[in-house]
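Undergrad: The structure file run.txt (compact mmCIF, C-alpha atoms) is provided below.
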# COMPACT_ATOMS: atom_id res chain seq x y z
CA MET A 1 0.00 0.00 0.00
CA ARG A 2 2.90 2.34 0.61
CA PHE A 3 4.01 1.72 -2.97
CA LEU A 4 0.61 2.77 -4.33
CA ASP A 5 0.53 5.73 -1.96
CA GLY A 6 3.88 6.95 -3.25
CA LEU A 7 2.96 6.29 -6.86
CA LEU A 8 -0.16 8.41 -6.64
CA PHE A 9 1.77 11.17 -4.87
CA TRP A 10 4.66 11.34 -7.35
CA GLU A 11 3.13 10.14 -10.60
CA GLY A 12 -0.45 11.20 -9.92
CA ARG A 13 -1.77 7.96 -11.42
CA VAL A 14 -1.86 4.22 -10.82
CA ASN A 15 -3.30 1.03 -12.29
CA ARG A 16 -2.94 -2.73 -11.92
CA ARG A 17 -0.03 -2.88 -14.35
CA ASP A 18 2.12 -0.83 -11.96
CA ILE A 19 1.64 -3.46 -9.25
CA ILE A 20 2.27 -6.36 -11.64
CA ASP A 21 5.49 -4.83 -12.98
CA ALA A 22 6.80 -3.90 -9.54
CA PHE A 23 6.00 -7.12 -7.65
CA ARG A 24 5.50 -9.73 -10.39
CA VAL A 25 2.07 -10.74 -9.11
CA SER A 26 -0.91 -12.03 -11.07
CA GLN A 27 -3.61 -9.72 -12.41
CA PRO A 28 -6.22 -10.97 -9.91
CA GLN A 29 -3.82 -10.35 -7.02
CA ALA A 30 -2.96 -6.88 -8.36
CA ALA A 31 -6.67 -6.08 -8.64
CA LEU A 32 -7.26 -7.14 -5.03
CA ASP A 33 -4.31 -5.07 -3.77
CA LEU A 34 -5.43 -2.00 -5.69
CA LYS A 35 -9.02 -2.41 -4.49
CA ALA A 36 -7.87 -2.68 -0.86
CA TYR A 37 -5.79 0.48 -1.17
CA LEU A 38 -8.54 2.48 -2.85
CA ALA A 39 -10.99 1.42 -0.13
CA SER A 40 -8.68 2.98 2.49
CA LEU A 41 -8.73 6.40 0.80
CA ALA A 42 -11.13 9.15 1.80
CA PRO A 43 -13.80 10.06 -0.75
CA GLY A 44 -12.69 12.40 -3.53
CA GLN A 45 -9.01 11.48 -3.38
CA VAL A 46 -8.89 9.76 -6.78
CA PHE A 47 -11.03 9.33 -9.87
CA TYR A 48 -11.06 6.69 -12.61
CA ASP A 49 -10.07 7.80 -16.11
CA THR A 50 -12.06 5.51 -18.40
CA ARG A 51 -10.04 6.46 -21.49
CA GLN A 52 -6.64 5.78 -19.92
CA ARG A 53 -8.02 2.96 -17.77
CA ARG A 54 -6.25 4.11 -14.63
CA TYR A 55 -6.88 5.91 -11.37
CA GLU A 56 -5.65 9.47 -11.10
CA ALA A 57 -5.11 11.65 -8.04
CA THR A 58 -7.32 14.68 -7.56
CA SER A 59 -6.05 18.04 -6.33
CA SER A 60 -7.22 17.07 -2.82
CA PHE A 61 -5.22 13.83 -2.70
CA ARG A 62 -3.22 13.34 0.48
CA PRO A 63 -1.07 10.20 0.92
CA ILE A 64 -2.18 7.91 3.72
CA TYR A 65 1.34 7.38 5.04
CA GLY A 66 2.49 10.99 4.79
CA THR A 67 4.82 12.51 2.23
CA PRO A 68 6.82 9.60 0.77
CA ASP A 69 10.60 9.52 0.59
CA ILE A 70 11.98 11.04 -2.60
CA GLY A 71 14.83 8.53 -2.92
CA PRO A 72 12.92 5.49 -4.24
CA TRP A 73 10.93 7.65 -6.63
CA LEU A 74 14.07 9.27 -8.07
CA GLU A 75 15.66 5.85 -8.57
CA ARG A 76 12.51 4.51 -10.24
CA SER A 77 12.34 7.60 -12.47
CA ARG A 78 16.02 7.29 -13.37
CA LEU A 79 15.55 3.66 -14.42
CA SER A 80 12.60 4.69 -16.57
CA GLY A 81 14.74 7.24 -18.45
CA LEU A 82 14.29 10.50 -16.56
CA SER A 83 17.50 12.58 -16.54
CA ILE A 84 18.75 12.74 -12.96
CA GLU A 85 22.35 13.54 -12.04
CA VAL A 86 23.97 13.71 -8.61
CA LEU A 87 27.47 15.07 -8.11
CA PRO A 88 29.87 12.44 -6.80
CA THR A 89 31.12 12.79 -3.24
CA LEU A 90 34.74 12.45 -2.20
CA ASP A 91 34.09 9.78 0.37
CA ARG A 92 36.77 8.86 2.85
CA PRO A 93 37.43 5.15 3.22
CA LEU A 94 35.57 3.61 6.13
CA ASP A 95 37.15 0.62 7.85
CA HIS A 96 34.21 -1.49 8.99
CA ASP A 97 36.41 -3.76 11.11
CA LEU A 98 37.70 -0.67 12.92
CA MET A 99 34.17 0.63 13.46
CA ALA A 100 33.11 -2.74 14.85
CA LYS A 101 35.94 -2.72 17.41
CA LEU A 102 35.22 0.87 18.36
CA TYR A 103 31.54 0.06 18.66
CA ARG A 104 32.30 -2.76 21.11
CA ALA A 105 34.51 -0.41 23.12
CA ILE A 106 31.65 2.10 23.28
CA ARG A 107 29.17 -0.60 24.23
CA ASP A 108 31.39 -2.07 26.92
CA ARG A 109 32.70 1.35 28.06
CA THR A 110 36.29 0.17 27.79
CA ALA A 111 39.51 1.95 26.90
CA ILE A 112 41.66 1.01 23.90
CA ILE A 113 44.90 2.21 22.36
CA ILE A 114 44.86 3.73 18.90
CA ALA A 115 47.57 5.07 16.63
CA TYR A 116 46.33 8.44 15.36
CA GLN A 117 47.69 10.57 12.54
CA THR A 118 47.09 14.30 12.96
CA MET A 119 47.74 17.02 10.39
CA ARG A 120 50.57 18.44 12.52
CA ARG A 121 52.69 15.41 13.37
CA ALA A 122 55.04 13.62 11.02
CA GLY A 123 54.00 10.21 12.30
CA ALA A 124 51.12 8.55 14.09
CA GLU A 125 50.93 8.87 17.86
CA ASP A 126 49.63 6.24 20.28
CA ARG A 127 46.60 7.45 22.22
CA PRO A 128 44.79 5.59 25.01
CA ILE A 129 41.13 6.56 24.55
CA THR A 130 37.70 5.64 25.85
CA PRO A 131 35.28 5.92 22.88
CA THR A 132 31.81 7.25 23.65
CA ALA A 133 30.00 7.98 20.37
CA PHE A 134 30.16 8.00 16.58
CA VAL A 135 29.68 11.33 14.80
CA SER A 136 29.23 12.30 11.16
CA ASP A 137 29.65 15.94 10.16
CA GLY A 138 28.08 15.23 6.78
CA GLN A 139 31.42 14.65 5.08
CA ARG A 140 33.41 12.32 7.31
CA TRP A 141 32.99 10.06 10.31
CA HIS A 142 34.57 10.65 13.71
CA VAL A 143 34.61 8.77 16.96
CA ARG A 144 34.19 10.94 20.00
CA ALA A 145 36.35 9.74 22.86
CA TYR A 146 38.03 10.73 26.06
CA CYS A 147 41.77 10.93 25.42
CA HIS A 148 43.65 9.79 28.53
CA LEU A 149 46.87 11.24 27.13
CA ARG A 150 45.43 14.76 26.60
CA ARG A 151 42.97 14.38 29.48
CA GLY A 152 40.03 15.72 27.54
CA TYR A 153 37.38 14.80 25.00
CA ARG A 154 38.43 14.75 21.35
CA ASP A 155 36.93 13.90 17.96
CA PHE A 156 39.07 11.44 16.02
CA VAL A 157 38.63 11.05 12.25
CA LEU A 158 38.07 7.35 11.58
CA SER A 159 40.13 7.31 8.40
CA ARG A 160 43.20 8.42 10.41
CA ILE A 161 42.95 5.74 13.09
CA ALA A 162 44.82 2.46 13.34
CA LEU A 163 44.11 0.17 16.28
CA SER A 164 47.00 -1.06 18.40
CA GLU A 165 46.99 -4.71 19.40
CA ALA A 166 48.63 -3.83 22.71
CA SER A 167 46.48 -4.06 25.81
CA MET A 168 46.10 -1.21 28.26
CA THR A 169 48.96 -0.92 30.75
CA LYS A 170 49.07 0.40 34.30
CA GLY A 171 51.22 3.27 33.09
CA HIS A 172 48.20 4.90 31.45
CA ASN A 173 45.50 6.77 33.32
CA THR A 174 42.46 4.80 32.23
CA THR A 175 40.06 5.66 35.00
CA PHE A 176 36.51 6.07 33.77
CA PRO A 177 36.29 9.51 32.11
CA PRO A 178 34.23 12.41 33.47
CA ILE A 179 30.92 13.42 31.99
CA ASP A 180 31.17 14.99 28.54
CA LEU A 181 29.36 18.25 29.21
CA ASP A 182 29.80 19.49 25.64
CA TRP A 183 28.08 16.35 24.39
CA GLU A 184 25.29 16.49 26.95
CA THR A 185 24.62 20.21 26.41
CA TRP A 186 22.27 21.15 23.57
CA VAL A 187 22.53 24.42 21.68
CA THR A 188 19.57 26.02 19.92
CA LEU A 189 20.51 28.39 17.10
CA TRP A 190 18.27 31.00 15.55
CA LEU A 191 19.21 31.49 11.90
CA ALA A 192 17.97 34.29 9.68
CA PRO A 193 18.88 35.82 6.30
CA ALA A 194 22.15 37.72 6.63
CA ALA A 195 21.92 41.46 7.25
CA HIS A 196 24.10 42.32 4.24
CA LEU A 197 21.55 40.89 1.78
CA GLU A 198 19.09 43.02 -0.19
CA ASP A 199 15.38 42.62 0.50
CA ASN A 200 14.79 40.44 -2.58
CA GLN A 201 17.79 38.28 -1.62
CA ARG A 202 16.42 37.83 1.88
CA ARG A 203 13.09 36.69 0.44
CA ALA A 204 14.92 34.17 -1.76
CA VAL A 205 16.82 32.82 1.26
CA CYS A 206 13.55 32.47 3.17
CA TRP A 207 12.17 30.42 0.28
CA ASP A 208 15.35 28.32 0.14
CA TYR A 209 15.15 27.28 3.79
CA GLY A 210 11.40 27.48 4.40
CA ILE A 211 11.70 30.41 6.81
CA THR A 212 8.21 31.67 7.57
CA GLN A 213 8.52 33.23 11.03
CA GLY A 214 11.56 35.44 10.47
CA HIS A 215 14.09 32.84 11.58
CA LEU A 216 14.94 29.15 11.40
CA THR A 217 15.49 27.13 14.59
CA VAL A 218 18.00 24.27 14.67
CA GLN A 219 19.34 22.27 17.59
CA VAL A 220 22.76 20.62 17.86
CA ARG A 221 24.96 19.28 20.60
CA ARG A 222 27.48 21.84 21.80
CA ALA A 223 30.27 19.42 20.91
CA LEU A 224 29.10 19.51 17.27
CA GLU A 225 28.39 23.23 17.00
CA PHE A 226 31.66 23.96 15.23
CA TYR A 227 30.93 21.36 12.56
CA ALA A 228 27.41 22.72 12.06
CA MET A 229 28.66 26.26 11.62
CA ARG A 230 31.29 25.13 9.14
CA ARG A 231 28.99 22.87 7.14
CA TRP A 232 26.27 25.50 6.86
CA GLY A 233 28.81 28.21 5.99
CA LEU A 234 27.93 30.32 9.00
CA ASP A 235 31.63 30.89 9.67
CA ARG A 236 32.11 32.74 6.38
CA PRO A 237 31.41 36.49 5.95
CA GLU A 238 29.60 35.88 2.65
CA SER A 239 27.15 33.46 4.27
CA ARG A 240 23.53 33.98 3.30
CA LEU A 241 22.45 33.01 6.81
CA SER A 242 23.55 34.47 10.10
CA THR A 243 23.07 33.46 13.72
CA ILE A 244 20.80 35.91 15.51
CA GLY A 245 20.34 33.92 18.69
CA ARG A 246 21.96 31.13 20.67
CA PHE A 247 20.53 29.28 23.68
CA GLU A 248 21.98 26.43 25.70
CA THR A 249 20.11 23.67 27.49
CA ALA A 250 22.51 22.46 30.15
CA PRO A 251 22.51 18.86 31.41
CA PRO A 252 21.63 18.13 35.04
CA ALA A 253 24.34 19.41 37.35
CA ASP A 254 26.62 16.76 38.82
CA PRO A 255 29.61 18.39 40.52
CA LYS A 256 31.13 15.03 41.43
CA VAL A 257 31.67 14.10 37.78
CA SER A 258 31.92 17.50 36.10
CA GLN A 259 34.68 18.79 38.37
CA ARG A 260 36.99 15.78 38.33
CA GLU A 261 40.62 16.64 37.94
CA GLY A 262 41.73 16.53 34.33
CA TYR A 263 38.39 17.36 32.74
CA ASN A 264 38.72 19.88 29.94
CA HIS A 265 35.46 21.72 29.37
CA CYS A 266 36.57 23.11 25.97
CA PRO A 267 35.58 20.78 23.12
CA GLN A 268 38.66 19.42 21.42
CA ASN A 269 38.99 18.05 17.93
CA ASP A 270 41.93 15.92 16.86
CA ALA A 271 40.70 15.87 13.28
CA GLY A 272 43.46 18.37 12.63
CA SER A 273 42.20 21.11 14.91
CA GLU A 274 41.42 21.83 18.53
CA ILE A 275 38.17 23.68 18.94
CA GLN A 276 37.69 25.90 21.95
CA GLN A 277 34.46 27.65 22.74
CA SER A 278 34.83 30.54 25.14
CA GLY A 279 32.29 33.05 26.32
CA GLU A 280 32.63 34.73 22.92
CA VAL A 281 31.34 31.65 21.19
CA GLY A 282 27.68 32.39 20.93
CA GLY A 283 27.61 34.38 24.14
CA ARG A 284 25.90 33.56 27.40
CA VAL A 285 23.10 31.10 27.92
CA GLY A 286 19.87 32.67 26.76
CA ALA A 287 21.56 35.43 24.76
CA HIS A 288 19.09 37.81 23.17
CA PRO A 289 18.37 36.86 19.54
CA ALA A 290 19.28 40.33 18.34
CA SER A 291 22.91 39.81 19.29
CA GLN A 292 25.22 38.49 16.55
CA GLN A 293 27.02 35.28 17.47
CA LYS A 294 30.08 33.48 16.13
CA VAL A 295 31.78 30.18 16.81
CA SER A 296 35.44 30.41 17.64
CA GLY A 297 37.90 28.05 16.02
CA ARG A 298 40.97 29.06 17.96
CA ASN A 299 43.97 26.81 18.47
CA ARG A 300 43.16 24.94 15.28
CA ARG A 301 45.91 22.56 14.26
So that I can check it, write out the structure of this file as structure tokens.

TA:
Amino acid sequence: MRFLDGLLFWEGRVNRRDIIDAFRVSQPQAALDLKAYLASLAPGQVFYDTRQRRYEATSSFRPIYGTPDIGPWLERSRLSGLSIEVLPTLDRPLDHDLMAKLYRAIRDRTAIIIAYQTMRRAGAEDRPITPTAFVSDGQRWHVRAYCHLRRGYRDFVLSRIALSEASMTKGHNTTFPPIDLDWETWVTLWLAPAAHLEDNQRRAVCWDYGITQGHLTVQVRRALEFYAMRRWGLDRPESRLSTIGRFETAPPADPKVSQREGYNHCPQNDAGSEIQQSGEVGGRVGAHPASQQKVSGRNRR
């Protein structure tokens, strides 16, 4: 039924032949399936075109299962001859064996030793880490982990990691890491058309992003705020969007874990940079939306 729902939404028409071609069923079975779907529709959603011998959607048609995913329809249209092109992505290799081992370390909350290649060092460096989460910034995958060597949370690019077969030794500080406040804290950003745009350009930006109430609201973890700003181009002066407000939702206070010795509150990124967010990064909690905010990328490596 979802197939028929999507077909009526995208193509605006459907008949038994569509079911037969898609699922290789008999005509009687296709007729029964189509009849069952049509019976579930509200009156006035479709009409039967006697000349074309098919059902067609009316202007009031609304899919039963909500707006269908565009992916399957684009693939079906491409196979039928519709011109559809997608630019290739420069994907970084993803070691599935590595991800599996990191996943088990996250699941079991255990520390492991990795060899990590940064942009600054000539060779890889051994790091004892406790992985806590996987992160994608839209272009590459990281593992977020507490680095016992640097005594702080870091984001490690998966394509630059090699696992060491050595077990953890007593020489490393592998006590269970403190709470990751930057991961547990959520940041709400108010985005609006940039002030330097002309009125017609601002209207176009509102159309681009579906802005109907003067601003767009997005929520990200504080640990990922830098990536969001960079991916959306908010760190560039020519950006068509600007941040007009920033609000933090702090996790429940737990002084026993948040004030442990060695905890570094500034989010760190070993993907070639160390990201620090000071009071200038988006301002205070609950900053007024009229104030302009920026994310700091100081101490980037």

Undergrad: Please measure the separation of atom CA of A:Ser159 and atom CA of A:Asp95, giving the value in Å to one decimal.

TA: 7.3 Å

Undergrad: Pick the closest to A:Leu181 from A:Ser40, A:Thr58, A:Thr89, A:Thr249: which is it, counting only C-alpha atoms?

TA: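 Nearest candidate to A:Leu181 out of A:Ser40, A:Thr58, A:Thr89, A:Thr249: A:Thr249.
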
Undergrad: Taking 4 positions as the minimum chain separation for residues in the same chain, which residues sit within 12 Å of A:Leu197 when counting only C-alpha atoms? Answer as a ChimeraX atom specification.

TA: /A:192-193,201-206,237-242

Undergrad: For A:Leu158, which of A:Arg121, A:Leu98, A:Asp108, A:Pro178 is the closest residue, counting all atoms listed in the file?

TA: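 Comparing A:Arg121, A:Leu98, A:Asp108, A:Pro178 against A:Leu158, the winner is A:Leu98.
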
Undergrad: Excluding stretch 13-27 of chain A and residues on its chain fewer than 4 positions from it, collect all residues at most 7 Å away from it, counting only C-alpha atoms, and give them as a ChimeraX atom specification.

TA: /A:7-8,31,34,54-57

Undergrad: Could you work out how far atom CA of A:Ile244 lies from atom CA of A:Trp190, giving the answer in Å with one decimal?

TA: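 Atom CA of A:Ile244 lies 5.5 Å from atom CA of A:Trp190.
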
Undergrad: Here is a test: counting only C-alpha atoms, which residue of A:Trp10, A:Tyr103, A:Phe156, A:Trp186 is nearest to A:Phe61?

TA: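 Residue with the minimum atom-to-atom distance to A:Phe61: A:Trp10.
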
Undergrad: Suppose you want the space between atom CA of A:Pro43 and atom CA of A:Ser60; what is it in Å?

TA: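 About the pair atom CA of A:Pro43 and atom CA of A:Ser60: they are 9.8 Å apart.
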
Undergrad: With all atoms listed in the file as the counted atoms, please give the residues lying no more than 8 Å from A:Gln219, apart from itself and same-chain residues fewer than 3 positions off, as an NGL selection string.

TA: :A and (186-189)

Undergrad: I'd like to know which of A:Leu191, A:Val46, A:Ile106, A:Ala115 is closest to A:Gly210, using all atoms listed in the file.

TA: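 Ranked by minimum distance to A:Gly210, first place goes to A:Leu191.
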